>>> print(open('target.cif').read())   # mmCIF, C-alpha atoms
data_target
#
loop_
_atom_site.label_atom_id
_atom_site.label_comp_id
_atom_site.auth_asym_id
_atom_site.auth_seq_id
_atom_site.Cartn_x
_atom_site.Cartn_y
_atom_site.Cartn_z
CA MET N 46 26.08 0.25 17.75
CA SER N 47 29.34 1.99 16.97
CA THR N 48 29.54 4.16 13.91
CA ALA N 49 32.10 1.74 12.46
CA THR N 50 29.46 -0.99 12.19
CA CYS N 51 26.64 1.26 11.00
CA ILE N 52 25.70 0.69 7.36
CA PHE N 53 24.74 4.35 6.99
CA CYS N 54 28.10 5.51 8.42
CA ASP N 55 30.06 3.03 6.33
CA PRO N 56 27.86 2.66 3.25
CA SER N 57 28.46 0.62 0.16
CA GLY N 58 26.42 0.38 -3.00
CA GLU N 59 24.09 3.22 -2.13
CA SER N 60 22.20 4.80 -5.01
CA VAL N 61 22.44 8.45 -4.00
CA VAL N 62 19.87 10.55 -5.84
CA TRP N 63 20.47 13.87 -4.08
CA SER N 64 22.65 15.04 -1.23
CA ASP N 65 23.81 18.04 0.71
CA PRO N 66 26.24 18.29 3.66
CA ARG N 67 23.58 17.21 6.15
CA CYS N 68 21.63 14.42 4.48
CA ARG N 69 21.24 12.30 1.40
CA VAL N 70 18.39 10.75 -0.57
CA LEU N 71 18.78 7.13 -1.64
CA HIS N 72 16.74 5.25 -4.21
CA VAL N 73 16.01 1.80 -2.83
CA THR N 74 15.69 -0.84 -5.51
CA ASP N 75 12.67 -2.83 -4.37
CA ALA N 76 10.72 -4.78 -6.98
CA ASP N 77 7.54 -4.63 -4.91
CA PHE N 78 7.70 -0.93 -4.05
CA ALA N 79 8.87 1.04 -7.06
CA GLY N 80 10.13 4.46 -6.14
CA PHE N 81 10.97 3.56 -2.52
CA CYS N 82 13.43 6.16 -1.20
CA ARG N 83 15.31 6.72 2.02
CA VAL N 84 16.41 10.05 3.41
CA VAL N 85 19.48 9.47 5.61
CA TRP N 86 20.92 11.97 8.07
CA ASN N 87 24.67 11.94 7.45
CA GLU N 88 25.80 12.32 11.07
CA HIS N 89 25.32 9.23 13.27
CA VAL N 90 22.26 10.23 15.30
CA THR N 91 19.78 7.70 16.64
CA GLU N 92 16.47 9.47 17.14
CA PHE N 93 14.62 12.26 15.33
CA SER N 94 14.40 14.23 18.57
CA ASP N 95 18.20 14.13 18.92
CA LEU N 96 18.26 16.85 16.25
CA ASP N 97 17.71 20.49 17.12
CA GLU N 98 14.83 22.33 15.51
CA THR N 99 16.91 23.78 12.67
CA ASP N 100 18.22 20.36 11.63
CA ARG N 101 14.80 18.71 12.09
CA SER N 102 13.19 21.31 9.84
CA HIS N 103 15.90 20.85 7.24
CA LEU N 104 15.53 17.07 7.26
CA MET N 105 11.73 17.19 7.00
CA LYS N 106 11.96 19.74 4.19
CA ILE N 107 13.95 17.15 2.24
CA VAL N 108 11.53 14.36 3.21
CA ALA N 109 8.59 16.48 2.03
CA ALA N 110 10.41 17.33 -1.21
CA VAL N 111 11.01 13.63 -1.86
CA GLU N 112 7.39 12.82 -1.04
CA ARG N 113 6.09 15.58 -3.31
CA SER N 114 8.42 14.52 -6.12
CA LEU N 115 7.35 10.88 -5.92
CA ARG N 116 3.69 11.87 -5.86
CA SER N 117 4.17 14.03 -8.93
CA MET N 118 6.17 11.42 -10.83
CA LEU N 119 4.34 8.23 -9.87
CA SER N 120 0.80 9.22 -8.76
CA PRO N 121 0.59 6.67 -5.95
CA HIS N 122 -2.65 6.15 -4.05
CA LYS N 123 -0.95 7.01 -0.77
CA MET N 124 2.47 7.91 0.58
CA ASN N 125 3.96 6.26 3.66
CA ILE N 126 6.75 7.85 5.71
CA ALA N 127 8.47 6.16 8.63
CA SER N 128 11.54 6.47 10.84
CA LEU N 129 11.96 3.14 12.63
CA GLY N 130 15.63 2.15 12.89
CA ASN N 131 15.21 -0.77 15.27
CA GLN N 132 17.71 -2.77 13.25
CA THR N 133 19.77 0.18 12.01
CA PRO N 134 19.61 2.87 14.71
CA HIS N 135 20.91 5.68 12.51
CA LEU N 136 18.31 8.35 11.74
CA HIS N 137 16.72 7.71 8.35
CA TRP N 138 13.27 8.09 6.84
CA HIS N 139 11.56 5.62 4.54
CA VAL N 140 9.47 7.39 1.90
CA ILE N 141 7.30 4.84 0.11
CA PRO N 142 4.77 5.25 -2.70
CA ARG N 143 1.84 2.89 -2.10
CA TYR N 144 -0.74 1.51 -4.51
CA ARG N 145 -3.97 -0.38 -3.92
CA ASP N 146 -2.59 -3.29 -5.94
CA ASP N 147 0.84 -3.43 -4.29
CA SER N 148 1.76 -6.52 -2.30
CA HIS N 149 0.73 -5.20 1.14
CA TYR N 150 -1.91 -2.50 0.66
CA PRO N 151 -3.66 -1.28 2.79
CA ASN N 152 -1.29 -2.63 5.41
CA ALA N 153 2.19 -1.38 6.17
CA ILE N 154 4.96 -2.77 3.97
CA TRP N 155 6.36 -4.52 7.07
CA ALA N 156 3.16 -6.55 7.56
CA ALA N 157 2.36 -9.86 5.87
CA PRO N 158 1.84 -9.58 2.11
CA GLN N 159 -1.77 -9.60 0.90
CA ARG N 160 -1.17 -10.56 -2.71
CA GLU N 161 1.43 -10.71 -5.45
CA ALA N 162 2.34 -7.16 -6.30
CA ARG N 163 1.54 -5.65 -9.64
CA LYS N 164 5.04 -4.84 -10.89
CA ARG N 165 5.70 -1.25 -11.82
CA ALA N 166 8.69 -0.55 -14.03
CA LEU N 167 10.49 2.73 -13.54
CA ALA N 168 11.91 4.69 -16.45
CA ASP N 169 15.63 4.23 -17.01
CA ASP N 170 16.18 7.85 -16.14
CA PHE N 171 14.07 7.67 -12.96
CA SER N 172 16.89 8.69 -10.61
CA ALA N 173 17.93 11.62 -12.76
CA ARG N 174 14.33 12.83 -13.03
CA LEU N 175 13.81 12.38 -9.30
CA ARG N 176 16.90 14.47 -8.57
CA LYS N 177 15.54 17.27 -10.76
CA ALA N 178 12.11 17.02 -9.15
CA ILE N 179 13.65 17.25 -5.65
CA GLU N 180 15.68 20.26 -6.69
CA SER N 181 12.56 21.92 -8.10
CA ALA N 182 10.57 21.13 -4.95
CA LEU N 183 13.25 22.75 -2.81
CA VAL N 184 13.22 26.07 -4.68
CA MET Z 23 -12.96 9.50 1.87
CA SER Z 24 -15.20 12.39 2.82
CA THR Z 25 -14.50 14.23 6.03
CA ALA Z 26 -17.87 13.02 7.34
CA THR Z 27 -16.62 9.42 7.38
CA CYS Z 28 -13.13 10.17 8.68
CA ILE Z 29 -12.57 9.03 12.26
CA PHE Z 30 -10.16 11.90 12.86
CA CYS Z 31 -12.67 14.47 11.56
CA ASP Z 32 -15.54 12.92 13.51
CA PRO Z 33 -13.74 11.46 16.51
CA SER Z 34 -15.22 9.67 19.49
CA GLY Z 35 -13.51 8.37 22.57
CA GLU Z 36 -10.16 10.01 21.87
CA SER Z 37 -7.84 10.44 24.84
CA VAL Z 38 -6.49 13.91 24.06
CA VAL Z 39 -3.30 14.61 26.01
CA TRP Z 40 -2.41 17.97 24.48
CA SER Z 41 -3.85 20.15 21.74
CA ASP Z 42 -3.61 23.48 20.01
CA PRO Z 43 -5.67 24.92 17.13
CA ARG Z 44 -3.67 22.99 14.52
CA CYS Z 45 -3.12 19.53 15.97
CA ARG Z 46 -3.71 17.22 18.91
CA VAL Z 47 -1.81 14.50 20.74
CA LEU Z 48 -3.71 11.32 21.57
CA HIS Z 49 -2.68 8.60 23.98
CA VAL Z 50 -3.47 5.26 22.36
CA THR Z 51 -4.33 2.55 24.86
CA ASP Z 52 -2.41 -0.45 23.55
CA ALA Z 53 -1.52 -3.21 25.99
CA ASP Z 54 1.48 -4.28 23.89
CA PHE Z 55 2.90 -0.80 23.27
CA ALA Z 56 2.62 1.26 26.43
CA GLY Z 57 2.94 4.97 25.77
CA PHE Z 58 1.85 4.73 22.11
CA CYS Z 59 0.73 8.22 21.00
CA ARG Z 60 -0.67 9.73 17.84
CA VAL Z 61 -0.25 13.30 16.68
CA VAL Z 62 -3.23 14.21 14.50
CA TRP Z 63 -3.44 17.24 12.23
CA ASN Z 64 -6.87 18.77 12.90
CA GLU Z 65 -7.68 19.80 9.34
CA HIS Z 66 -8.51 16.97 6.93
CA VAL Z 67 -5.30 16.71 4.93
CA THR Z 68 -4.10 13.46 3.38
CA GLU Z 69 -0.35 13.70 2.95
CA PHE Z 70 2.49 15.30 4.92
CA SER Z 71 3.58 17.21 1.80
CA ASP Z 72 0.09 18.74 1.51
CA LEU Z 73 1.14 21.06 4.34
CA ASP Z 74 3.17 24.19 3.72
CA GLU Z 75 6.57 24.53 5.40
CA THR Z 76 5.24 26.52 8.36
CA ASP Z 77 2.61 23.92 9.19
CA ARG Z 78 4.99 21.01 8.58
CA SER Z 79 7.52 22.53 10.96
CA HIS Z 80 4.84 23.09 13.57
CA LEU Z 81 3.58 19.52 13.30
CA MET Z 82 7.06 18.00 13.51
CA LYS Z 83 7.90 20.22 16.48
CA ILE Z 84 4.97 18.60 18.28
CA VAL Z 85 5.99 15.11 17.09
CA ALA Z 86 9.54 15.72 18.38
CA ALA Z 87 8.20 17.04 21.68
CA VAL Z 88 6.09 13.90 22.11
CA GLU Z 89 9.03 11.68 21.19
CA ARG Z 90 11.35 13.48 23.59
CA SER Z 91 8.76 13.33 26.38
CA LEU Z 92 8.18 9.60 25.91
CA ARG Z 93 11.93 8.95 25.87
CA SER Z 94 12.35 10.89 29.07
CA MET Z 95 9.41 9.25 30.86
CA LEU Z 96 9.74 5.66 29.63
CA SER Z 97 13.37 5.14 28.55
CA PRO Z 98 12.53 2.94 25.55
CA HIS Z 99 15.27 1.20 23.58
CA LYS Z 100 14.12 2.93 20.40
CA MET Z 101 11.44 5.27 19.16
CA ASN Z 102 9.43 4.61 16.00
CA ILE Z 103 7.61 7.36 14.10
CA ALA Z 104 5.37 6.76 11.10
CA SER Z 105 2.77 8.48 8.97
CA LEU Z 106 1.00 5.76 6.96
CA GLY Z 107 -2.74 6.46 6.69
CA ASN Z 108 -3.56 3.79 4.12
CA GLN Z 109 -6.71 2.91 6.03
CA THR Z 110 -7.35 6.37 7.49
CA PRO Z 111 -6.02 8.90 4.98
CA HIS Z 112 -6.04 11.85 7.38
CA LEU Z 113 -2.57 13.11 8.29
CA HIS Z 114 -1.45 11.63 11.61
CA TRP Z 115 1.82 10.43 13.09
CA HIS Z 116 2.29 7.31 15.20
CA VAL Z 117 4.90 7.85 17.92
CA ILE Z 118 5.75 4.52 19.51
CA PRO Z 119 8.19 3.63 22.30
CA ARG Z 120 9.86 0.30 21.49
CA TYR Z 121 11.58 -2.22 23.78
CA ARG Z 122 13.71 -5.24 23.01
CA ASP Z 123 11.17 -7.42 24.84
CA ASP Z 124 8.05 -5.99 23.24
CA SER Z 125 5.93 -8.26 21.06
CA HIS Z 126 7.46 -7.27 17.70
CA TYR Z 127 11.00 -5.97 18.31
CA PRO Z 128 13.13 -5.47 16.25
CA ASN Z 129 10.44 -5.52 13.59
CA ALA Z 130 7.83 -2.87 12.97
CA ILE Z 131 4.70 -3.11 15.10
CA TRP Z 132 2.74 -3.87 11.92
CA ALA Z 133 4.78 -7.03 11.25
CA ALA Z 134 4.08 -10.48 12.69
CA PRO Z 135 4.62 -10.71 16.46
CA GLN Z 136 7.86 -12.33 17.61
CA ARG Z 137 6.86 -13.18 21.18
CA GLU Z 138 4.42 -12.41 23.93
CA ALA Z 139 5.08 -8.86 25.02
CA ARG Z 140 6.39 -8.04 28.43
CA LYS Z 141 3.55 -5.93 29.80
CA ARG Z 142 4.45 -2.44 30.97
CA ALA Z 143 2.01 -0.70 33.25
CA LEU Z 144 1.78 3.06 33.03
CA ALA Z 145 1.28 5.25 36.08
CA ASP Z 146 -2.30 6.36 36.66
CA ASP Z 147 -1.25 9.93 36.04
CA PHE Z 148 0.65 9.08 32.84
CA SER Z 149 -1.45 11.34 30.60
CA ALA Z 150 -1.18 14.30 32.95
CA ARG Z 151 2.58 13.85 33.25
CA LEU Z 152 2.91 13.47 29.49
CA ARG Z 153 1.01 16.70 28.93
CA LYS Z 154 3.39 18.53 31.29
CA ALA Z 155 6.42 16.96 29.61
CA ILE Z 156 5.18 18.03 26.16
CA GLU Z 157 4.59 21.56 27.42
CA SER Z 158 8.11 21.64 28.90
CA ALA Z 159 9.62 20.27 25.67
CA LEU Z 160 7.91 23.02 23.68
CA VAL Z 161 9.31 25.90 25.76
#
>>> encode(input="target.cif", output="structure tokens")
Amino acid sequence: MSTATCIFCDPSGESVVWSDPRCRVLHVTDADFAGFCRVVWNEHVTEFSDLDETDRSHLMKIVAAVERSLRSMLSPHKMNIASLGNQTPHLHWHVIPRYRDDSHYPNAIWAAPQREARKRALADDFSARLRKAIESALV
Amino acid sequence: MSTATCIFCDPSGESVVWSDPRCRVLHVTDADFAGFCRVVWNEHVTEFSDLDETDRSHLMKIVAAVERSLRSMLSPHKMNIASLGNQTPHLHWHVIPRYRDDSHYPNAIWAAPQREARKRALADDFSARLRKAIESALV
């Protein structure tokens, strides 16, 4: 995949919650998984182990800050984190709050649904509050 | 879940490839996903963000070493990394080599299979070679 055809190199319509020169945090609007975020490495890199230790530590610090913020704000039963990228081979992490009554629990969100999800509405200012929570978690 | 009922606190039959006082690398025997490994944090911790930055960096250094070793030994098309733990809420990372002709590609391994997997046999000394590769990657 060339960078010209990579949706993370040539993004549109992203909801960027937080960013720095190396990576950005996106809020993914997903009716079944409220609070779903992605942490995207800005440079076009395919695999986690393509990064050197300094960049890996920076990226995972952001991932952990997002996870901690979502836990604090939403009190999920579990958090799921994954870097797959089979369809979009540009390094990014899914950070997903999970609930026992979501559509797929206890299976992965990529498995077959188990039930109709209990819908969880997010506050209108969710993104703004998440940004503040990430900033606080990074202090 | 109490630690007494946690399969990673009270393990049996694990194929430990590499370990240190904080974590261990397991080779998961999975006919469809040759080379599948798990990196398990030894202490019973539920979420990635329960670890402090020093421990997180250590754990991800091991995860990256496993990923780099598997890439070098098996030349997969893509690597997948995930920390889910909905069924076993003890911090562990799946590190999975993926191939375009595996059973689920390009979907996650937890999705519905797409085809019969092309079987990939591992060398008899795979675990020993993986251990050496991890050690080299950590230097």
>>> closest_atom_pairs(input="target.cif", of="range 36-95 of chain Z", to="range 142-159 of chain Z", cutoff="6 Å", atoms="only C-alpha atoms", output="tab-separated table")
residue	atom	partner	partner_atom	distance
Z:Val39	CA	Z:Arg153	CA	5.6
Z:Trp40	CA	Z:Arg153	CA	5.8
Z:Ala87	CA	Z:Ala159	CA	5.3
Z:Val88	CA	Z:Ile156	CA	5.9
Z:Ser91	CA	Z:Ala155	CA	5.4
>>> resolve_selection(input="target.cif", expression="the PyMOL selection byres ((chain N) within 6 of (chain Z))", output="compact mmCIF listing (two decimals) with C-alpha atoms, in the coordinates of the input")
# COMPACT_ATOMS: atom_id res chain seq x y z
CA SER N 94 14.40 14.23 18.57
CA SER N 102 13.19 21.31 9.84
CA ALA N 109 8.59 16.48 2.03
CA ARG N 113 6.09 15.58 -3.31
CA ASN N 125 3.96 6.26 3.66
CA ILE N 126 6.75 7.85 5.71
CA ALA N 127 8.47 6.16 8.63
CA SER N 128 11.54 6.47 10.84
CA LEU N 129 11.96 3.14 12.63
CA ASN N 131 15.21 -0.77 15.27
CA PRO N 151 -3.66 -1.28 2.79
CA TRP N 155 6.36 -4.52 7.07
CA ALA N 156 3.16 -6.55 7.56
>>> calpha_fit_and_write(input="target.cif", fixed="chain Z", moving="chain N", output="compact mmCIF listing (two decimals) with C-alpha atoms, keeping the file's coordinate frame")
# COMPACT_ATOMS: atom_id res chain seq x y z
CA MET N 46 -12.95 9.48 1.88
CA SER N 47 -15.18 12.38 2.82
CA THR N 48 -14.48 14.22 6.02
CA ALA N 49 -17.85 13.02 7.34
CA THR N 50 -16.61 9.42 7.39
CA CYS N 51 -13.12 10.18 8.69
CA ILE N 52 -12.57 9.03 12.27
CA PHE N 53 -10.15 11.91 12.86
CA CYS N 54 -12.69 14.47 11.56
CA ASP N 55 -15.54 12.92 13.51
CA PRO N 56 -13.75 11.45 16.53
CA SER N 57 -15.20 9.66 19.49
CA GLY N 58 -13.50 8.37 22.59
CA GLU N 59 -10.17 10.01 21.88
CA SER N 60 -7.83 10.45 24.83
CA VAL N 61 -6.49 13.91 24.06
CA VAL N 62 -3.30 14.60 26.00
CA TRP N 63 -2.41 17.97 24.47
CA SER N 64 -3.85 20.14 21.74
CA ASP N 65 -3.61 23.47 20.02
CA PRO N 66 -5.66 24.92 17.13
CA ARG N 67 -3.67 22.98 14.53
CA CYS N 68 -3.11 19.52 15.98
CA ARG N 69 -3.70 17.24 18.91
CA VAL N 70 -1.80 14.50 20.73
CA LEU N 71 -3.70 11.33 21.57
CA HIS N 72 -2.69 8.59 23.98
CA VAL N 73 -3.46 5.26 22.36
CA THR N 74 -4.33 2.56 24.86
CA ASP N 75 -2.42 -0.44 23.54
CA ALA N 76 -1.52 -3.20 25.99
CA ASP N 77 1.46 -4.27 23.89
CA PHE N 78 2.89 -0.81 23.27
CA ALA N 79 2.62 1.27 26.42
CA GLY N 80 2.94 4.96 25.75
CA PHE N 81 1.85 4.74 22.09
CA CYS N 82 0.74 8.21 20.98
CA ARG N 83 -0.68 9.73 17.84
CA VAL N 84 -0.25 13.29 16.69
CA VAL N 85 -3.24 14.22 14.50
CA TRP N 86 -3.45 17.25 12.23
CA ASN N 87 -6.87 18.77 12.90
CA GLU N 88 -7.68 19.83 9.33
CA HIS N 89 -8.52 16.98 6.93
CA VAL N 90 -5.30 16.72 4.92
CA THR N 91 -4.10 13.47 3.38
CA GLU N 92 -0.35 13.70 2.95
CA PHE N 93 2.48 15.32 4.91
CA SER N 94 3.56 17.22 1.80
CA ASP N 95 0.08 18.76 1.51
CA LEU N 96 1.14 21.07 4.35
CA ASP N 97 3.19 24.18 3.71
CA GLU N 98 6.56 24.52 5.40
CA THR N 99 5.25 26.52 8.36
CA ASP N 100 2.60 23.92 9.19
CA ARG N 101 5.00 21.01 8.57
CA SER N 102 7.53 22.53 10.96
CA HIS N 103 4.84 23.09 13.57
CA LEU N 104 3.58 19.52 13.29
CA MET N 105 7.07 18.00 13.50
CA LYS N 106 7.90 20.22 16.48
CA ILE N 107 4.97 18.59 18.28
CA VAL N 108 6.00 15.11 17.10
CA ALA N 109 9.54 15.70 18.37
CA ALA N 110 8.21 17.03 21.68
CA VAL N 111 6.09 13.90 22.10
CA GLU N 112 9.03 11.69 21.17
CA ARG N 113 11.35 13.48 23.60
CA SER N 114 8.75 13.32 26.37
CA LEU N 115 8.18 9.59 25.91
CA ARG N 116 11.92 8.94 25.86
CA SER N 117 12.35 10.90 29.08
CA MET N 118 9.41 9.26 30.83
CA LEU N 119 9.73 5.66 29.63
CA SER N 120 13.37 5.13 28.54
CA PRO N 121 12.52 2.93 25.56
CA HIS N 122 15.26 1.21 23.59
CA LYS N 123 14.13 2.92 20.39
CA MET N 124 11.44 5.27 19.16
CA ASN N 125 9.43 4.62 16.00
CA ILE N 126 7.61 7.37 14.10
CA ALA N 127 5.38 6.76 11.10
CA SER N 128 2.76 8.49 8.96
CA LEU N 129 0.99 5.78 6.96
CA GLY N 130 -2.75 6.45 6.69
CA ASN N 131 -3.57 3.79 4.12
CA GLN N 132 -6.71 2.91 6.04
CA THR N 133 -7.34 6.37 7.51
CA PRO N 134 -6.02 8.91 4.99
CA HIS N 135 -6.04 11.85 7.39
CA LEU N 136 -2.57 13.11 8.29
CA HIS N 137 -1.45 11.64 11.61
CA TRP N 138 1.82 10.42 13.09
CA HIS N 139 2.29 7.31 15.19
CA VAL N 140 4.89 7.85 17.91
CA ILE N 141 5.75 4.51 19.50
CA PRO N 142 8.18 3.63 22.29
CA ARG N 143 9.84 0.29 21.49
CA TYR N 144 11.56 -2.20 23.77
CA ARG N 145 13.70 -5.24 23.01
CA ASP N 146 11.19 -7.42 24.85
CA ASP N 147 8.04 -5.98 23.25
CA SER N 148 5.93 -8.26 21.07
CA HIS N 149 7.47 -7.27 17.71
CA TYR N 150 11.00 -5.98 18.33
CA PRO N 151 13.13 -5.48 16.26
CA ASN N 152 10.45 -5.52 13.59
CA ALA N 153 7.84 -2.87 12.97
CA ILE N 154 4.71 -3.10 15.11
CA TRP N 155 2.74 -3.88 11.92
CA ALA N 156 4.79 -7.04 11.25
CA ALA N 157 4.09 -10.48 12.71
CA PRO N 158 4.63 -10.70 16.47
CA GLN N 159 7.87 -12.32 17.62
CA ARG N 160 6.87 -13.17 21.17
CA GLU N 161 4.41 -12.39 23.93
CA ALA N 162 5.08 -8.85 25.03
CA ARG N 163 6.39 -8.05 28.45
CA LYS N 164 3.55 -5.92 29.80
CA ARG N 165 4.46 -2.45 30.98
CA ALA N 166 2.01 -0.70 33.27
CA LEU N 167 1.78 3.06 33.03
CA ALA N 168 1.28 5.24 36.08
CA ASP N 169 -2.29 6.36 36.66
CA ASP N 170 -1.25 9.92 36.04
CA PHE N 171 0.63 9.07 32.83
CA SER N 172 -1.46 11.34 30.59
CA ALA N 173 -1.19 14.29 32.94
CA ARG N 174 2.58 13.84 33.24
CA LEU N 175 2.91 13.46 29.48
CA ARG N 176 1.01 16.71 28.94
CA LYS N 177 3.40 18.52 31.29
CA ALA N 178 6.42 16.94 29.61
CA ILE N 179 5.17 18.03 26.16
CA GLU N 180 4.59 21.54 27.42
CA SER N 181 8.10 21.63 28.89
CA ALA N 182 9.62 20.28 25.67
CA LEU N 183 7.90 23.02 23.68
CA VAL N 184 9.31 25.89 25.76
>>> residues_around(input="target.cif", residues="Phe53 in chain N", least_positions_apart="5", cutoff="8 Å", atoms="only C-alpha atoms", output="PyMOL selection string")
chain N and resi 85+87+89+135
>>> closest_residue(input="target.cif", among="N:Leu136, N:Trp86, N:Asp55, N:Leu115", to="His72 in chain N", atoms="all atoms listed in the file")
N:Leu115
>>> atom_distance(input="target.cif", atom1="CA of Ser64 in chain N", atom2="CA of Ala79 in chain N")
20.5 Å
>>> resolve_selection(input="target.cif", expression="the PyMOL selection byres ((chain Z and resi 53) around 12)", output="PyMOL selection string")
chain Z and resi 50-52+54-58+124-125+138-144
>>> write_last_selection(input="target.cif", atoms="C-alpha atoms", output="CSV table (one decimal), in the frame of the given file")
chain,number,residue,atom,x,y,z
Z,50,VAL,CA,-3.5,5.3,22.4
Z,51,THR,CA,-4.3,2.6,24.9
Z,52,ASP,CA,-2.4,-0.4,23.6
Z,54,ASP,CA,1.5,-4.3,23.9
Z,55,PHE,CA,2.9,-0.8,23.3
Z,56,ALA,CA,2.6,1.3,26.4
Z,57,GLY,CA,2.9,5.0,25.8
Z,58,PHE,CA,1.8,4.7,22.1
Z,124,ASP,CA,8.0,-6.0,23.2
Z,125,SER,CA,5.9,-8.3,21.1
Z,138,GLU,CA,4.4,-12.4,23.9
Z,139,ALA,CA,5.1,-8.9,25.0
Z,140,ARG,CA,6.4,-8.0,28.4
Z,141,LYS,CA,3.6,-5.9,29.8
Z,142,ARG,CA,4.4,-2.4,31.0
Z,143,ALA,CA,2.0,-0.7,33.2
Z,144,LEU,CA,1.8,3.1,33.0
>>> closest_residue(input="target.cif", among="N:Val90, N:Arg83, N:Asp146, N:Asp100", to="Arg160 in chain N", atoms="only C-alpha atoms")
N:Asp146
>>> atom_distance(input="target.cif", atom1="CA of Ser60 in chain N", atom2="CA of His137 in chain N")
14.7 Å
>>> atom_distance(input="target.cif", atom1="CA of Pro121 in chain N", atom2="CA of Cys28 in chain Z")
20.4 Å
>>> closest_residue(input="target.cif", among="Z:Met95, Z:Ile84, Z:Ile29, Z:Val161", to="Asp42 in chain Z", atoms="all atoms listed in the file")
Z:Ile84
>>> build_atoms(input="target.cif", residues="range 108-127 of chain Z", atoms="N, CA and C atoms", output="PDB file, in the frame of the given file")
ATOM      1  N   ASN Z 108      -2.940   4.516   5.237  1.00  0.00           N
ATOM      2  CA  ASN Z 108      -3.560   3.790   4.120  1.00  0.00           C
ATOM      3  C   ASN Z 108      -5.025   3.505   4.404  1.00  0.00           C
ATOM      4  N   GLN Z 109      -5.327   3.220   5.658  1.00  0.00           N
ATOM      5  CA  GLN Z 109      -6.710   2.910   6.030  1.00  0.00           C
ATOM      6  C   GLN Z 109      -7.453   4.154   6.492  1.00  0.00           C
ATOM      7  N   THR Z 110      -6.740   5.112   7.021  1.00  0.00           N
ATOM      8  CA  THR Z 110      -7.350   6.370   7.490  1.00  0.00           C
ATOM      9  C   THR Z 110      -6.527   7.524   6.911  1.00  0.00           C
ATOM     10  N   PRO Z 111      -6.859   7.910   5.670  1.00  0.00           N
ATOM     11  CA  PRO Z 111      -6.020   8.900   4.980  1.00  0.00           C
ATOM     12  C   PRO Z 111      -6.274  10.334   5.473  1.00  0.00           C
ATOM     13  N   HIS Z 112      -5.981  10.521   6.733  1.00  0.00           N
ATOM     14  CA  HIS Z 112      -6.040  11.850   7.380  1.00  0.00           C
ATOM     15  C   HIS Z 112      -4.707  11.964   8.110  1.00  0.00           C
ATOM     16  N   LEU Z 113      -3.948  12.993   7.809  1.00  0.00           N
ATOM     17  CA  LEU Z 113      -2.570  13.110   8.290  1.00  0.00           C
ATOM     18  C   LEU Z 113      -2.440  12.915   9.800  1.00  0.00           C
ATOM     19  N   HIS Z 114      -1.722  11.884  10.189  1.00  0.00           N
ATOM     20  CA  HIS Z 114      -1.450  11.630  11.610  1.00  0.00           C
ATOM     21  C   HIS Z 114      -0.138  10.866  11.717  1.00  0.00           C
ATOM     22  N   TRP Z 115       0.551  11.100  12.837  1.00  0.00           N
ATOM     23  CA  TRP Z 115       1.820  10.430  13.090  1.00  0.00           C
ATOM     24  C   TRP Z 115       1.674   9.473  14.270  1.00  0.00           C
ATOM     25  N   HIS Z 116       2.153   8.254  14.091  1.00  0.00           N
ATOM     26  CA  HIS Z 116       2.290   7.310  15.200  1.00  0.00           C
ATOM     27  C   HIS Z 116       3.638   7.572  15.865  1.00  0.00           C
ATOM     28  N   VAL Z 117       3.648   7.661  17.174  1.00  0.00           N
ATOM     29  CA  VAL Z 117       4.900   7.850  17.920  1.00  0.00           C
ATOM     30  C   VAL Z 117       4.921   6.736  18.980  1.00  0.00           C
ATOM     31  N   ILE Z 118       5.851   5.799  18.798  1.00  0.00           N
ATOM     32  CA  ILE Z 118       5.750   4.520  19.510  1.00  0.00           C
ATOM     33  C   ILE Z 118       7.051   4.178  20.238  1.00  0.00           C
ATOM     34  N   PRO Z 119       7.004   4.103  21.561  1.00  0.00           N
ATOM     35  CA  PRO Z 119       8.190   3.630  22.300  1.00  0.00           C
ATOM     36  C   PRO Z 119       8.361   2.121  22.061  1.00  0.00           C
ATOM     37  N   ARG Z 120       9.592   1.719  21.766  1.00  0.00           N
ATOM     38  CA  ARG Z 120       9.860   0.300  21.490  1.00  0.00           C
ATOM     39  C   ARG Z 120      10.885  -0.257  22.483  1.00  0.00           C
ATOM     40  N   TYR Z 121      10.696  -1.530  22.823  1.00  0.00           N
ATOM     41  CA  TYR Z 121      11.580  -2.220  23.780  1.00  0.00           C
ATOM     42  C   TYR Z 121      12.013  -3.556  23.190  1.00  0.00           C
ATOM     43  N   ARG Z 122      13.192  -3.973  23.570  1.00  0.00           N
ATOM     44  CA  ARG Z 122      13.710  -5.240  23.010  1.00  0.00           C
ATOM     45  C   ARG Z 122      12.824  -6.426  23.368  1.00  0.00           C
ATOM     46  N   ASP Z 123      12.050  -6.302  24.450  1.00  0.00           N
ATOM     47  CA  ASP Z 123      11.170  -7.420  24.840  1.00  0.00           C
ATOM     48  C   ASP Z 123       9.704  -7.111  24.559  1.00  0.00           C
ATOM     49  N   ASP Z 124       9.461  -6.160  23.634  1.00  0.00           N
ATOM     50  CA  ASP Z 124       8.050  -5.990  23.240  1.00  0.00           C
ATOM     51  C   ASP Z 124       7.680  -7.074  22.231  1.00  0.00           C
ATOM     52  N   SER Z 125       6.429  -7.124  21.844  1.00  0.00           N
ATOM     53  CA  SER Z 125       5.930  -8.260  21.060  1.00  0.00           C
ATOM     54  C   SER Z 125       6.547  -8.366  19.666  1.00  0.00           C
ATOM     55  N   HIS Z 126       7.059  -7.268  19.109  1.00  0.00           N
ATOM     56  CA  HIS Z 126       7.460  -7.270  17.700  1.00  0.00           C
ATOM     57  C   HIS Z 126       8.926  -6.905  17.452  1.00  0.00           C
ATOM     58  N   TYR Z 127       9.622  -6.458  18.494  1.00  0.00           N
ATOM     59  CA  TYR Z 127      11.000  -5.970  18.310  1.00  0.00           C
ATOM     60  C   TYR Z 127      11.894  -7.066  17.736  1.00  0.00           C
TER      61      TYR Z 127
END
